[in-house]
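J.: Sharing start-v1.cif, mmCIF, C-alpha atoms:
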```cif
data_input
#
loop_
_atom_site.group_PDB
_atom_site.id
_atom_site.type_symbol
_atom_site.label_atom_id
_atom_site.label_comp_id
_atom_site.auth_asym_id
_atom_site.auth_seq_id
_atom_site.Cartn_x
_atom_site.Cartn_y
_atom_site.Cartn_z
ATOM 1 C CA MET A 1 -50.050 222.211 288.423
ATOM 2 C CA GLU A 2 -51.166 224.401 285.545
ATOM 3 C CA ASN A 3 -54.081 222.922 283.654
ATOM 4 C CA PHE A 4 -54.031 223.530 279.875
ATOM 5 C CA THR A 5 -57.769 223.395 279.229
ATOM 6 C CA TYR A 6 -57.951 226.064 276.527
ATOM 7 C CA ASN A 7 -58.770 225.070 272.972
ATOM 8 C CA ASN A 8 -55.358 224.919 271.350
ATOM 9 C CA PHE A 9 -51.743 225.004 272.432
ATOM 10 C CA MET A 10 -48.384 223.917 271.138
ATOM 11 C CA LEU A 11 -46.950 220.485 271.924
ATOM 12 C CA GLN A 12 -43.328 219.420 271.709
ATOM 13 C CA LEU A 13 -42.521 216.219 269.834
ATOM 14 C CA GLU A 14 -39.542 214.192 270.993
ATOM 15 C CA GLY A 15 -38.647 213.279 267.427
ATOM 16 C CA ILE A 16 -35.614 211.204 266.467
ATOM 17 C CA ASP A 17 -32.212 212.613 267.294
ATOM 18 C CA PHE A 18 -29.373 211.940 264.877
ATOM 19 C CA THR A 19 -25.774 213.021 265.282
ATOM 20 C CA LYS A 20 -24.563 215.891 263.105
ATOM 21 C CA ASP A 21 -22.568 213.412 261.020
ATOM 22 C CA VAL A 22 -25.628 211.480 259.861
ATOM 23 C CA VAL A 23 -28.525 213.929 260.169
ATOM 24 C CA TYR A 24 -28.491 214.910 256.479
ATOM 25 C CA THR A 25 -27.961 211.311 255.428
ATOM 26 C CA ALA A 26 -31.023 210.319 257.485
ATOM 27 C CA PHE A 27 -33.022 213.208 256.011
ATOM 28 C CA PHE A 28 -32.322 212.261 252.386
ATOM 29 C CA LEU A 29 -32.786 208.558 253.147
ATOM 30 C CA PHE A 30 -36.241 209.111 254.650
ATOM 31 C CA LEU A 31 -37.092 211.525 251.824
ATOM 32 C CA ALA A 32 -36.109 208.899 249.255
ATOM 33 C CA PHE A 33 -38.225 206.282 251.051
ATOM 34 C CA TYR A 34 -41.208 208.646 251.107
ATOM 35 C CA ILE A 35 -40.937 209.548 247.416
ATOM 36 C CA PHE A 36 -40.430 205.898 246.489
ATOM 37 C CA THR A 37 -43.444 204.730 248.516
ATOM 38 C CA VAL A 38 -45.844 207.388 247.216
ATOM 39 C CA THR A 39 -44.633 207.112 243.603
ATOM 40 C CA LEU A 40 -44.914 203.324 243.616
ATOM 41 C CA ASN A 41 -48.446 203.361 245.022
ATOM 42 C CA LEU A 42 -49.595 206.118 242.666
ATOM 43 C CA ALA A 43 -48.122 204.235 239.713
ATOM 44 C CA PHE A 44 -50.011 201.105 240.744
ATOM 45 C CA LEU A 45 -53.283 203.048 241.035
ATOM 46 C CA ILE A 46 -52.803 204.555 237.579
ATOM 47 C CA LEU A 47 -51.908 201.133 236.169
ATOM 48 C CA VAL A 48 -55.082 199.543 237.545
ATOM 49 C CA ILE A 49 -57.213 202.436 236.252
ATOM 50 C CA THR A 50 -55.725 202.432 232.745
ATOM 51 C CA GLU A 51 -55.240 198.692 232.157
ATOM 52 C CA LYS A 52 -58.571 196.979 231.452
ATOM 53 C CA ASN A 53 -57.157 193.517 232.148
ATOM 54 C CA LEU A 54 -56.560 194.660 235.760
ATOM 55 C CA HIS A 55 -60.201 195.673 236.273
ATOM 56 C CA GLN A 56 -60.659 192.653 238.498
ATOM 57 C CA PRO A 57 -62.046 192.577 242.061
ATOM 58 C CA MET A 58 -58.679 191.519 243.509
ATOM 59 C CA TYR A 59 -56.831 194.530 242.102
ATOM 60 C CA ILE A 60 -59.695 196.949 242.716
ATOM 61 C CA LEU A 61 -59.847 195.918 246.374
ATOM 62 C CA PHE A 62 -56.072 196.193 246.622
ATOM 63 C CA CYS A 63 -56.338 199.823 245.475
ATOM 64 C CA ASN A 64 -57.894 200.550 248.882
ATOM 65 C CA LEU A 65 -54.627 199.452 250.444
ATOM 66 C CA THR A 66 -52.528 201.652 248.173
ATOM 67 C CA VAL A 67 -54.707 204.674 249.020
ATOM 68 C CA SER A 68 -54.308 204.039 252.766
ATOM 69 C CA ASP A 69 -50.532 203.690 252.321
ATOM 70 C CA ILE A 70 -50.350 207.027 250.480
ATOM 71 C CA ILE A 71 -52.409 208.792 253.172
ATOM 72 C CA ALA A 72 -50.339 207.327 256.006
ATOM 73 C CA ALA A 73 -46.975 208.201 254.432
ATOM 74 C CA THR A 74 -48.084 211.730 253.518
ATOM 75 C CA GLU A 75 -49.460 212.361 257.007
ATOM 76 C CA VAL A 76 -46.245 211.236 258.720
ATOM 77 C CA PHE A 77 -43.213 212.013 256.580
ATOM 78 C CA PRO A 78 -43.364 215.711 255.609
ATOM 79 C CA ARG A 79 -43.422 216.788 259.275
ATOM 80 C CA LEU A 80 -40.892 214.125 260.246
ATOM 81 C CA LEU A 81 -38.455 215.349 257.592
ATOM 82 C CA VAL A 82 -38.727 218.921 258.850
ATOM 83 C CA ASP A 83 -38.297 217.831 262.488
ATOM 84 C CA ILE A 84 -35.118 215.892 261.665
ATOM 85 C CA LEU A 85 -33.434 219.191 260.738
ATOM 86 C CA ARG A 86 -34.821 221.059 263.760
ATOM 87 C CA SER A 87 -33.444 221.226 267.271
ATOM 88 C CA PRO A 88 -35.581 219.429 269.919
ATOM 89 C CA SER A 89 -36.992 222.724 271.260
ATOM 90 C CA GLU A 90 -38.297 223.636 267.781
ATOM 91 C CA ARG A 91 -40.209 220.417 267.149
ATOM 92 C CA LEU A 92 -43.614 221.913 267.880
ATOM 93 C CA ILE A 93 -47.054 220.856 266.737
ATOM 94 C CA SER A 94 -50.424 222.385 267.586
ATOM 95 C CA TYR A 95 -52.877 220.288 269.557
ATOM 96 C CA TYR A 96 -55.385 220.241 266.688
ATOM 97 C CA GLU A 97 -52.712 219.063 264.234
ATOM 98 C CA CYS A 98 -51.724 216.357 266.705
ATOM 99 C CA VAL A 99 -55.335 215.151 266.969
ATOM 100 C CA VAL A 100 -55.697 215.012 263.173
ATOM 101 C CA GLN A 101 -52.420 213.103 262.793
ATOM 102 C CA ALA A 102 -53.349 210.646 265.550
ATOM 103 C CA PHE A 103 -56.764 210.052 263.972
ATOM 104 C CA LEU A 104 -55.448 209.543 260.435
ATOM 105 C CA THR A 105 -52.559 207.255 261.395
ATOM 106 C CA GLN A 106 -54.829 205.125 263.592
ATOM 107 C CA TRP A 107 -57.569 205.048 260.939
ATOM 108 C CA VAL A 108 -55.403 204.023 257.984
ATOM 109 C CA SER A 109 -53.500 201.461 260.073
ATOM 110 C CA SER A 110 -56.794 199.818 261.028
ATOM 111 C CA THR A 111 -58.105 200.089 257.468
ATOM 112 C CA SER A 112 -55.089 198.137 256.208
ATOM 113 C CA HIS A 113 -56.281 195.162 258.262
ATOM 114 C CA THR A 114 -59.917 195.437 257.184
ATOM 115 C CA VAL A 115 -58.913 195.757 253.517
ATOM 116 C CA LEU A 116 -56.866 192.564 253.776
ATOM 117 C CA MET A 117 -59.879 190.907 255.408
ATOM 118 C CA ILE A 118 -62.175 191.720 252.477
ATOM 119 C CA MET A 119 -59.443 190.600 250.086
ATOM 120 C CA ALA A 120 -59.348 187.268 251.926
ATOM 121 C CA PHE A 121 -63.109 186.985 251.350
ATOM 122 C CA ASP A 122 -62.550 187.699 247.658
ATOM 123 C CA ARG A 123 -59.953 184.921 247.414
ATOM 124 C CA TYR A 124 -62.266 182.523 249.269
ATOM 125 C CA VAL A 125 -65.116 183.146 246.822
ATOM 126 C CA ALA A 126 -62.791 182.901 243.794
ATOM 127 C CA ILE A 127 -61.422 179.507 244.816
ATOM 128 C CA CYS A 128 -64.271 177.881 246.742
ATOM 129 C CA ASN A 129 -67.153 179.202 244.592
ATOM 130 C CA PRO A 130 -65.592 179.875 241.178
ATOM 131 C CA LEU A 131 -68.842 179.373 239.253
ATOM 132 C CA ARG A 132 -70.643 182.003 241.340
ATOM 133 C CA TYR A 133 -67.686 184.400 241.581
ATOM 134 C CA SER A 134 -68.890 186.901 238.999
ATOM 135 C CA ALA A 135 -72.410 186.838 240.461
ATOM 136 C CA ILE A 136 -71.159 187.466 244.009
ATOM 137 C CA MET A 137 -68.292 189.914 243.406
ATOM 138 C CA THR A 138 -70.332 192.469 241.496
ATOM 139 C CA SER A 139 -69.545 196.182 241.304
ATOM 140 C CA ARG A 140 -72.132 196.778 244.005
ATOM 141 C CA MET A 141 -70.487 194.210 246.267
ATOM 142 C CA LEU A 142 -67.054 195.794 245.707
ATOM 143 C CA VAL A 143 -68.449 199.175 246.760
ATOM 144 C CA LYS A 144 -70.057 197.652 249.872
ATOM 145 C CA LEU A 145 -66.849 195.876 250.874
ATOM 146 C CA SER A 146 -64.708 198.968 250.295
ATOM 147 C CA VAL A 147 -67.070 201.240 252.252
ATOM 148 C CA SER A 148 -67.131 198.715 255.107
ATOM 149 C CA ALA A 149 -63.334 198.453 255.127
ATOM 150 C CA TRP A 150 -63.046 202.226 255.593
ATOM 151 C CA GLY A 151 -66.266 202.933 257.496
ATOM 152 C CA VAL A 152 -66.018 200.443 260.362
ATOM 153 C CA PRO A 153 -62.499 201.563 261.447
ATOM 154 C CA PHE A 154 -63.621 205.196 261.059
ATOM 155 C CA LEU A 155 -66.382 204.711 263.635
ATOM 156 C CA PHE A 156 -64.211 202.831 266.123
ATOM 157 C CA VAL A 157 -61.272 205.234 265.793
ATOM 158 C CA SER A 158 -63.595 208.246 266.151
ATOM 159 C CA VAL A 159 -64.672 206.926 269.556
ATOM 160 C CA LEU A 160 -61.047 206.119 270.448
ATOM 161 C CA ILE A 161 -59.781 209.623 269.664
ATOM 162 C CA GLY A 162 -62.932 211.214 271.104
ATOM 163 C CA LEU A 163 -62.217 209.606 274.486
ATOM 164 C CA SER A 164 -58.775 211.212 274.473
ATOM 165 C CA VAL A 165 -59.937 214.646 273.288
ATOM 166 C CA ARG A 166 -62.509 214.887 276.117
ATOM 167 C CA LEU A 167 -59.722 214.886 278.754
ATOM 168 C CA ASN A 168 -58.302 218.045 280.278
ATOM 169 C CA ARG A 169 -54.641 218.489 279.403
ATOM 170 C CA CYS A 170 -51.767 219.344 281.727
ATOM 171 C CA ARG A 171 -48.700 218.232 279.735
ATOM 172 C CA THR A 172 -47.135 219.489 276.513
ATOM 173 C CA PHE A 173 -44.475 216.884 275.727
ATOM 174 C CA ILE A 174 -44.994 213.876 273.440
ATOM 175 C CA SER A 175 -42.346 211.170 273.718
ATOM 176 C CA ASN A 176 -42.814 210.066 270.111
ATOM 177 C CA PRO A 177 -41.724 211.238 266.656
ATOM 178 C CA LEU A 178 -45.408 211.496 265.715
ATOM 179 C CA CYS A 179 -48.790 211.847 267.397
ATOM 180 C CA ASP A 180 -50.826 208.758 268.172
ATOM 181 C CA ASN A 181 -53.741 208.002 270.471
ATOM 182 C CA ALA A 182 -51.515 206.971 273.382
ATOM 183 C CA SER A 183 -49.661 210.277 273.095
ATOM 184 C CA LEU A 184 -52.948 212.185 273.259
ATOM 185 C CA PHE A 185 -54.334 210.681 276.445
ATOM 186 C CA LYS A 186 -50.922 210.782 278.145
ATOM 187 C CA LEU A 187 -51.152 214.580 277.938
ATOM 188 C CA SER A 188 -53.831 214.418 280.644
ATOM 189 C CA CYS A 189 -53.413 214.113 284.413
ATOM 190 C CA GLU A 190 -56.892 212.632 284.743
ATOM 191 C CA SER A 191 -57.746 208.952 284.967
ATOM 192 C CA VAL A 192 -57.404 207.257 281.567
ATOM 193 C CA GLU A 193 -58.817 203.912 282.635
ATOM 194 C CA ILE A 194 -61.719 204.156 280.170
ATOM 195 C CA ASN A 195 -59.261 204.980 277.379
ATOM 196 C CA ASN A 196 -57.107 201.969 278.210
ATOM 197 C CA ILE A 197 -60.096 199.621 278.411
ATOM 198 C CA TYR A 198 -61.592 200.783 275.120
ATOM 199 C CA GLY A 199 -58.165 200.858 273.430
ATOM 200 C CA LEU A 200 -57.488 197.285 274.545
ATOM 201 C CA PHE A 201 -60.977 196.193 273.472
ATOM 202 C CA TYR A 202 -60.562 197.748 270.029
ATOM 203 C CA THR A 203 -57.051 196.340 269.514
ATOM 204 C CA VAL A 204 -58.126 192.820 270.520
ATOM 205 C CA LEU A 205 -61.279 193.058 268.398
ATOM 206 C CA LEU A 206 -59.318 194.187 265.335
ATOM 207 C CA LEU A 207 -56.617 191.533 265.728
ATOM 208 C CA VAL A 208 -59.065 188.706 266.497
ATOM 209 C CA ALA A 209 -61.246 189.664 263.526
ATOM 210 C CA SER A 210 -58.216 190.046 261.260
ATOM 211 C CA VAL A 211 -56.448 186.830 262.247
ATOM 212 C CA GLY A 212 -59.740 184.935 262.501
ATOM 213 C CA CYS A 213 -60.766 185.973 258.988
ATOM 214 C CA ILE A 214 -57.410 184.896 257.536
ATOM 215 C CA VAL A 215 -57.399 181.566 259.399
ATOM 216 C CA LEU A 216 -61.030 180.797 258.498
ATOM 217 C CA THR A 217 -60.814 181.649 254.795
ATOM 218 C CA TYR A 218 -57.400 180.104 254.244
ATOM 219 C CA GLY A 219 -58.371 177.031 256.248
ATOM 220 C CA LYS A 220 -61.323 176.430 253.937
ATOM 221 C CA ILE A 221 -59.193 177.148 250.879
ATOM 222 C CA ALA A 222 -56.577 174.661 252.128
ATOM 223 C CA VAL A 223 -59.236 171.964 252.606
ATOM 224 C CA ILE A 224 -60.596 172.544 249.088
ATOM 225 C CA CYS A 225 -57.095 172.361 247.589
ATOM 226 C CA LEU A 226 -56.129 169.212 249.496
ATOM 227 C CA THR A 227 -59.307 167.348 248.587
ATOM 228 C CA SER A 228 -59.486 168.495 244.963
ATOM 229 C CA LYS A 229 -57.730 166.830 242.053
ATOM 230 C CA ASN A 230 -57.988 169.939 239.908
ATOM 231 C CA LYS A 231 -54.362 171.024 239.324
ATOM 232 C CA THR A 232 -55.363 174.264 237.608
ATOM 233 C CA MET A 233 -57.392 175.308 240.634
ATOM 234 C CA LYS A 234 -54.501 174.469 242.954
ATOM 235 C CA LYS A 235 -52.079 176.565 240.908
ATOM 236 C CA LYS A 236 -54.530 179.465 240.889
ATOM 237 C CA ALA A 237 -54.970 179.221 244.668
ATOM 238 C CA LEU A 238 -51.220 179.130 245.274
ATOM 239 C CA LYS A 239 -50.568 182.090 242.952
ATOM 240 C CA THR A 240 -53.256 184.397 244.306
ATOM 241 C CA CYS A 241 -53.300 183.406 247.975
ATOM 242 C CA SER A 242 -49.532 183.426 248.475
ATOM 243 C CA THR A 243 -49.380 187.067 247.339
ATOM 244 C CA HIS A 244 -52.173 188.131 249.693
ATOM 245 C CA LEU A 245 -50.720 186.124 252.589
ATOM 246 C CA VAL A 246 -47.250 187.649 252.212
ATOM 247 C CA VAL A 247 -48.749 191.162 252.258
ATOM 248 C CA TYR A 248 -50.708 190.290 255.414
ATOM 249 C CA LEU A 249 -47.647 188.836 257.154
ATOM 250 C CA VAL A 250 -45.517 191.895 256.312
ATOM 251 C CA LEU A 251 -48.160 194.213 257.784
ATOM 252 C CA SER A 252 -48.684 192.067 260.887
ATOM 253 C CA PHE A 253 -44.967 191.608 261.594
ATOM 254 C CA SER A 254 -44.307 195.344 261.242
ATOM 255 C CA GLY A 255 -47.170 196.222 263.587
ATOM 256 C CA PHE A 256 -46.365 193.574 266.211
ATOM 257 C CA SER A 257 -42.693 194.642 266.270
ATOM 258 C CA VAL A 258 -43.665 198.195 267.263
ATOM 259 C CA ILE A 259 -46.146 196.929 269.895
ATOM 260 C CA ALA A 260 -43.576 194.527 271.350
ATOM 261 C CA LEU A 261 -40.918 197.232 271.746
ATOM 262 C CA HIS A 262 -43.362 199.372 273.753
ATOM 263 C CA ARG A 263 -42.720 196.902 276.586
ATOM 264 C CA PHE A 264 -38.994 197.644 276.585
ATOM 265 C CA PRO A 265 -38.397 201.335 277.414
ATOM 266 C CA GLN A 266 -34.626 200.867 277.125
ATOM 267 C CA TYR A 267 -35.103 200.327 273.386
ATOM 268 C CA SER A 268 -37.174 203.482 272.822
ATOM 269 C CA TYR A 269 -34.823 204.697 270.079
ATOM 270 C CA TYR A 270 -35.305 201.470 268.068
ATOM 271 C CA ARG A 271 -39.052 201.620 268.715
ATOM 272 C CA LYS A 272 -39.204 205.104 267.194
ATOM 273 C CA ILE A 273 -37.257 203.935 264.149
ATOM 274 C CA LEU A 274 -39.572 200.929 263.727
ATOM 275 C CA THR A 275 -42.609 203.198 264.107
ATOM 276 C CA ILE A 276 -41.393 205.216 261.135
ATOM 277 C CA LEU A 277 -40.496 202.091 259.156
ATOM 278 C CA PHE A 278 -44.046 200.827 259.754
ATOM 279 C CA TYR A 279 -45.198 203.517 257.313
ATOM 280 C CA ILE A 280 -42.468 202.653 254.781
ATOM 281 C CA ILE A 281 -41.997 198.895 254.606
ATOM 282 C CA PRO A 282 -45.595 197.639 254.179
ATOM 283 C CA GLY A 283 -46.492 200.653 252.030
ATOM 284 C CA SER A 284 -43.720 199.930 249.520
ATOM 285 C CA LEU A 285 -43.536 196.124 249.740
ATOM 286 C CA ASN A 286 -47.293 195.646 249.258
ATOM 287 C CA THR A 287 -47.225 197.179 245.801
ATOM 288 C CA ILE A 288 -43.913 195.549 244.861
ATOM 289 C CA ILE A 289 -45.324 192.116 245.716
ATOM 290 C CA TYR A 290 -48.393 192.636 243.524
ATOM 291 C CA GLU A 291 -46.311 194.157 240.718
ATOM 292 C CA ILE A 292 -44.049 191.082 240.757
ATOM 293 C CA ARG A 293 -47.103 188.820 240.725
ATOM 294 C CA ASN A 294 -48.556 190.665 237.744
ATOM 295 C CA PHE A 295 -45.189 190.572 235.940
ATOM 296 C CA LEU A 296 -44.793 186.827 236.523
ATOM 297 C CA SER A 297 -48.370 186.166 235.406
ATOM 298 C CA GLU A 298 -47.743 187.985 232.128
ATOM 299 C CA LYS A 299 -44.488 186.074 231.611
ATOM 300 C CA ILE A 300 -46.214 182.749 232.232
ATOM 301 C CA LYS A 301 -49.014 183.633 229.793
ATOM 302 C CA THR A 302 -46.479 184.694 227.149
ATOM 303 C CA HIS A 303 -44.506 181.473 227.631
ATOM 304 C CA GLN A 304 -47.661 179.351 227.354
ATOM 305 C CA CYS A 305 -48.736 181.138 224.157
ATOM 306 C CA PHE A 306 -45.259 180.635 222.723
ATOM 307 C CA GLN A 307 -45.390 176.907 223.473
ATOM 308 C CA LEU A 308 -48.837 176.582 221.865
ATOM 309 C CA LYS A 309 -47.572 178.270 218.694
ATOM 310 C CA ASN A 310 -44.578 175.903 218.539
ATOM 311 C CA ASN A 311 -46.776 172.864 219.037
ATOM 312 C CA LYS A 312 -48.915 173.949 216.092
#
```
Could I get this structure in the form of structure tokens?

T.:
Amino acid sequence: MENFTYNNFMLQLEGIDFTKDVVYTAFFLFLAFYIFTVTLNLAFLILVITEKNLHQPMYILFCNLTVSDIIAATEVFPRLLVDILRSPSERLISYYECVVQAFLTQWVSSTSHTVLMIMAFDRYVAICNPLRYSAIMTSRMLVKLSVSAWGVPFLFVSVLIGLSVRLNRCRTFISNPLCDNASLFKLSCESVEINNIYGLFYTVLLLVASVGCIVLTYGKIAVICLTSKNKTMKKKALKTCSTHLVVYLVLSFSGFSVIALHRFPQYSYYRKILTILFYIIPGSLNTIIYEIRNFLSEKIKTHQCFQLKNNK
């Protein structure tokens, strides 16, 4: 068997095949989703930067999530849109481009979890230590948390992709609409046992840390709320934590759906669709959820001010 060990060569992506009747509909639908997702996240970033009342740790930390959503969508969709209009034999990507795409998609997906973890810490401090909140969540702390949220996944994913890049390559076909780490090491005819072990270790570590952080922080918040008689604190906890929890559940459900369908090869077409939707649904819903929360908060404040004026 020919061994493709030279530095760069072209790979063929399987892509998503649509019938001629719906191919242009699918193209414009995905294009609309991409534009909507990027525009929404950019608008939220600009809003947080320009509105001084949003210069709060919760919104600043959430900006990390909007940046990761923009990177993920921009890395995936432009090529996907072009490939939809191409025939299968023309869906080519260079090996280096494939490595970059696999790294970025894996990195930002992992960063989404770590960002939500540091946001859970922020909510824990705000509710369980409200008097020390401003002293703990300083600008320096926000920088440390943000760097950790991006830096830790960067190191782990670098090792993950590095283990795949080291392998000699003997295949040129990727049975996915985009490049990921699994696609990279499946190009090799060598043993990938180390890749599988490390990949499993990293996945379990990320999920255990993510779920554990949410359970631990929200468990303590729940105990504080149940034992406290402070109604204002309970309302604040419900308002802020419910938003964060919904965002986390949307991300987790989207990710687990893709992982689950990997076990059913007969549903590969639906798995590919869900893989693409993974970069649309959380990326757009996350911002919408926080925009709705901000809108409702402003409405409640306006209503309360109106009632106070009437009472006077």

J.: So what do you get for atom CA of Gln12 of chain A versus atom CA of Phe27 of chain A, distance-wise?

T.: 19.8 Å

J.: Evaluate the PyMOL selection byres ((chain A and resi 218) around 10) and record the selected residues as a list in words, following the chain and residue labels used in the document.

T.: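 Applied to this file, the PyMOL selection byres ((chain A and resi 218) around 10) returns Ala120, Phe121, Arg123, Tyr124, Gly212, Cys213, Ile214, Val215, Leu216, Thr217, Gly219, Lys220, Ile221, Ala222, Val223, Ile224, Ala237, Cys241 and Leu245 of chain A.
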
J.: For this file, the PyMOL selection byres ((chain A and resi 66) around 12) selects which residues, as a ChimeraX atom specification?

T.: /A:37-46,48,59-65,67-73,108-109,111-112,115-116,247,279,282-288,290

J.: Mind writing the picked residues with C-alpha atoms as a PDB file, in the frame of the given file?

T.:
```pdb
ATOM      1  CA  THR A  37     -43.444 204.730 248.516  1.00  0.00           C
ATOM      2  CA  VAL A  38     -45.844 207.388 247.216  1.00  0.00           C
ATOM      3  CA  THR A  39     -44.633 207.112 243.603  1.00  0.00           C
ATOM      4  CA  LEU A  40     -44.914 203.324 243.616  1.00  0.00           C
ATOM      5  CA  ASN A  41     -48.446 203.361 245.022  1.00  0.00           C
ATOM      6  CA  LEU A  42     -49.595 206.118 242.666  1.00  0.00           C
ATOM      7  CA  ALA A  43     -48.122 204.235 239.713  1.00  0.00           C
ATOM      8  CA  PHE A  44     -50.011 201.105 240.744  1.00  0.00           C
ATOM      9  CA  LEU A  45     -53.283 203.048 241.035  1.00  0.00           C
ATOM     10  CA  ILE A  46     -52.803 204.555 237.579  1.00  0.00           C
ATOM     11  CA  VAL A  48     -55.082 199.543 237.545  1.00  0.00           C
ATOM     12  CA  TYR A  59     -56.831 194.530 242.102  1.00  0.00           C
ATOM     13  CA  ILE A  60     -59.695 196.949 242.716  1.00  0.00           C
ATOM     14  CA  LEU A  61     -59.847 195.918 246.374  1.00  0.00           C
ATOM     15  CA  PHE A  62     -56.072 196.193 246.622  1.00  0.00           C
ATOM     16  CA  CYS A  63     -56.338 199.823 245.475  1.00  0.00           C
ATOM     17  CA  ASN A  64     -57.894 200.550 248.882  1.00  0.00           C
ATOM     18  CA  LEU A  65     -54.627 199.452 250.444  1.00  0.00           C
ATOM     19  CA  VAL A  67     -54.707 204.674 249.020  1.00  0.00           C
ATOM     20  CA  SER A  68     -54.308 204.039 252.766  1.00  0.00           C
ATOM     21  CA  ASP A  69     -50.532 203.690 252.321  1.00  0.00           C
ATOM     22  CA  ILE A  70     -50.350 207.027 250.480  1.00  0.00           C
ATOM     23  CA  ILE A  71     -52.409 208.792 253.172  1.00  0.00           C
ATOM     24  CA  ALA A  72     -50.339 207.327 256.006  1.00  0.00           C
ATOM     25  CA  ALA A  73     -46.975 208.201 254.432  1.00  0.00           C
ATOM     26  CA  VAL A 108     -55.403 204.023 257.984  1.00  0.00           C
ATOM     27  CA  SER A 109     -53.500 201.461 260.073  1.00  0.00           C
ATOM     28  CA  THR A 111     -58.105 200.089 257.468  1.00  0.00           C
ATOM     29  CA  SER A 112     -55.089 198.137 256.208  1.00  0.00           C
ATOM     30  CA  VAL A 115     -58.913 195.757 253.517  1.00  0.00           C
ATOM     31  CA  LEU A 116     -56.866 192.564 253.776  1.00  0.00           C
ATOM     32  CA  VAL A 247     -48.749 191.162 252.258  1.00  0.00           C
ATOM     33  CA  TYR A 279     -45.198 203.517 257.313  1.00  0.00           C
ATOM     34  CA  PRO A 282     -45.595 197.639 254.179  1.00  0.00           C
ATOM     35  CA  GLY A 283     -46.492 200.653 252.030  1.00  0.00           C
ATOM     36  CA  SER A 284     -43.720 199.930 249.520  1.00  0.00           C
ATOM     37  CA  LEU A 285     -43.536 196.124 249.740  1.00  0.00           C
ATOM     38  CA  ASN A 286     -47.293 195.646 249.258  1.00  0.00           C
ATOM     39  CA  THR A 287     -47.225 197.179 245.801  1.00  0.00           C
ATOM     40  CA  ILE A 288     -43.913 195.549 244.861  1.00  0.00           C
ATOM     41  CA  TYR A 290     -48.393 192.636 243.524  1.00  0.00           C
TER      42      TYR A 290
END
```

J.: Please report the interatomic distance between atom CA of Ile174 of chain A and atom CA of Phe9 of chain A in Å with one decimal.

T.: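 Atom-to-atom, atom CA of Ile174 of chain A and atom CA of Phe9 of chain A are spaced 13.1 Å apart.
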
J.: Hey, what comes out of the PyMOL selection byres ((chain A and resi 152-160) around 12) on this file? Could you write it as an NGL selection string?

T.: :A and (99-100 or 102-115 or 144-151 or 161-166 or 180-182 or 184-185 or 192 or 194-203 or 205-206)

J.: Could N, CA and C atoms be built for segment 151-163 of chain A and written out as a short mmCIF file (atom, residue, chain, number, x, y, z; two decimals), in the coordinates of the input?

T.:
```cif
data_model
loop_
_atom_site.label_atom_id
_atom_site.label_comp_id
_atom_site.auth_asym_id
_atom_site.auth_seq_id
_atom_site.Cartn_x
_atom_site.Cartn_y
_atom_site.Cartn_z
N GLY A 151 -65.27 202.38 256.58
CA GLY A 151 -66.27 202.93 257.50
C GLY A 151 -66.21 202.37 258.90
N VAL A 152 -66.05 201.06 259.03
CA VAL A 152 -66.02 200.44 260.36
C VAL A 152 -64.84 200.97 261.20
N PRO A 153 -63.60 200.97 260.68
CA PRO A 153 -62.50 201.56 261.45
C PRO A 153 -62.72 203.05 261.76
N PHE A 154 -63.36 203.77 260.83
CA PHE A 154 -63.62 205.20 261.06
C PHE A 154 -64.47 205.39 262.31
N LEU A 155 -65.51 204.59 262.47
CA LEU A 155 -66.38 204.71 263.64
C LEU A 155 -65.65 204.36 264.93
N PHE A 156 -64.92 203.25 264.92
CA PHE A 156 -64.21 202.83 266.12
C PHE A 156 -63.11 203.82 266.50
N VAL A 157 -62.36 204.30 265.52
CA VAL A 157 -61.27 205.23 265.79
C VAL A 157 -61.82 206.59 266.24
N SER A 158 -62.97 207.00 265.72
CA SER A 158 -63.60 208.25 266.15
C SER A 158 -63.89 208.21 267.64
N VAL A 159 -64.41 207.08 268.12
CA VAL A 159 -64.67 206.93 269.56
C VAL A 159 -63.35 206.92 270.33
N LEU A 160 -62.35 206.22 269.79
CA LEU A 160 -61.05 206.12 270.45
C LEU A 160 -60.42 207.49 270.64
N ILE A 161 -60.37 208.28 269.59
CA ILE A 161 -59.78 209.62 269.66
C ILE A 161 -60.68 210.55 270.48
N GLY A 162 -62.00 210.39 270.34
CA GLY A 162 -62.93 211.21 271.10
C GLY A 162 -62.74 211.06 272.60
N LEU A 163 -62.46 209.83 273.06
CA LEU A 163 -62.22 209.61 274.49
C LEU A 163 -60.97 210.33 274.97
#
```
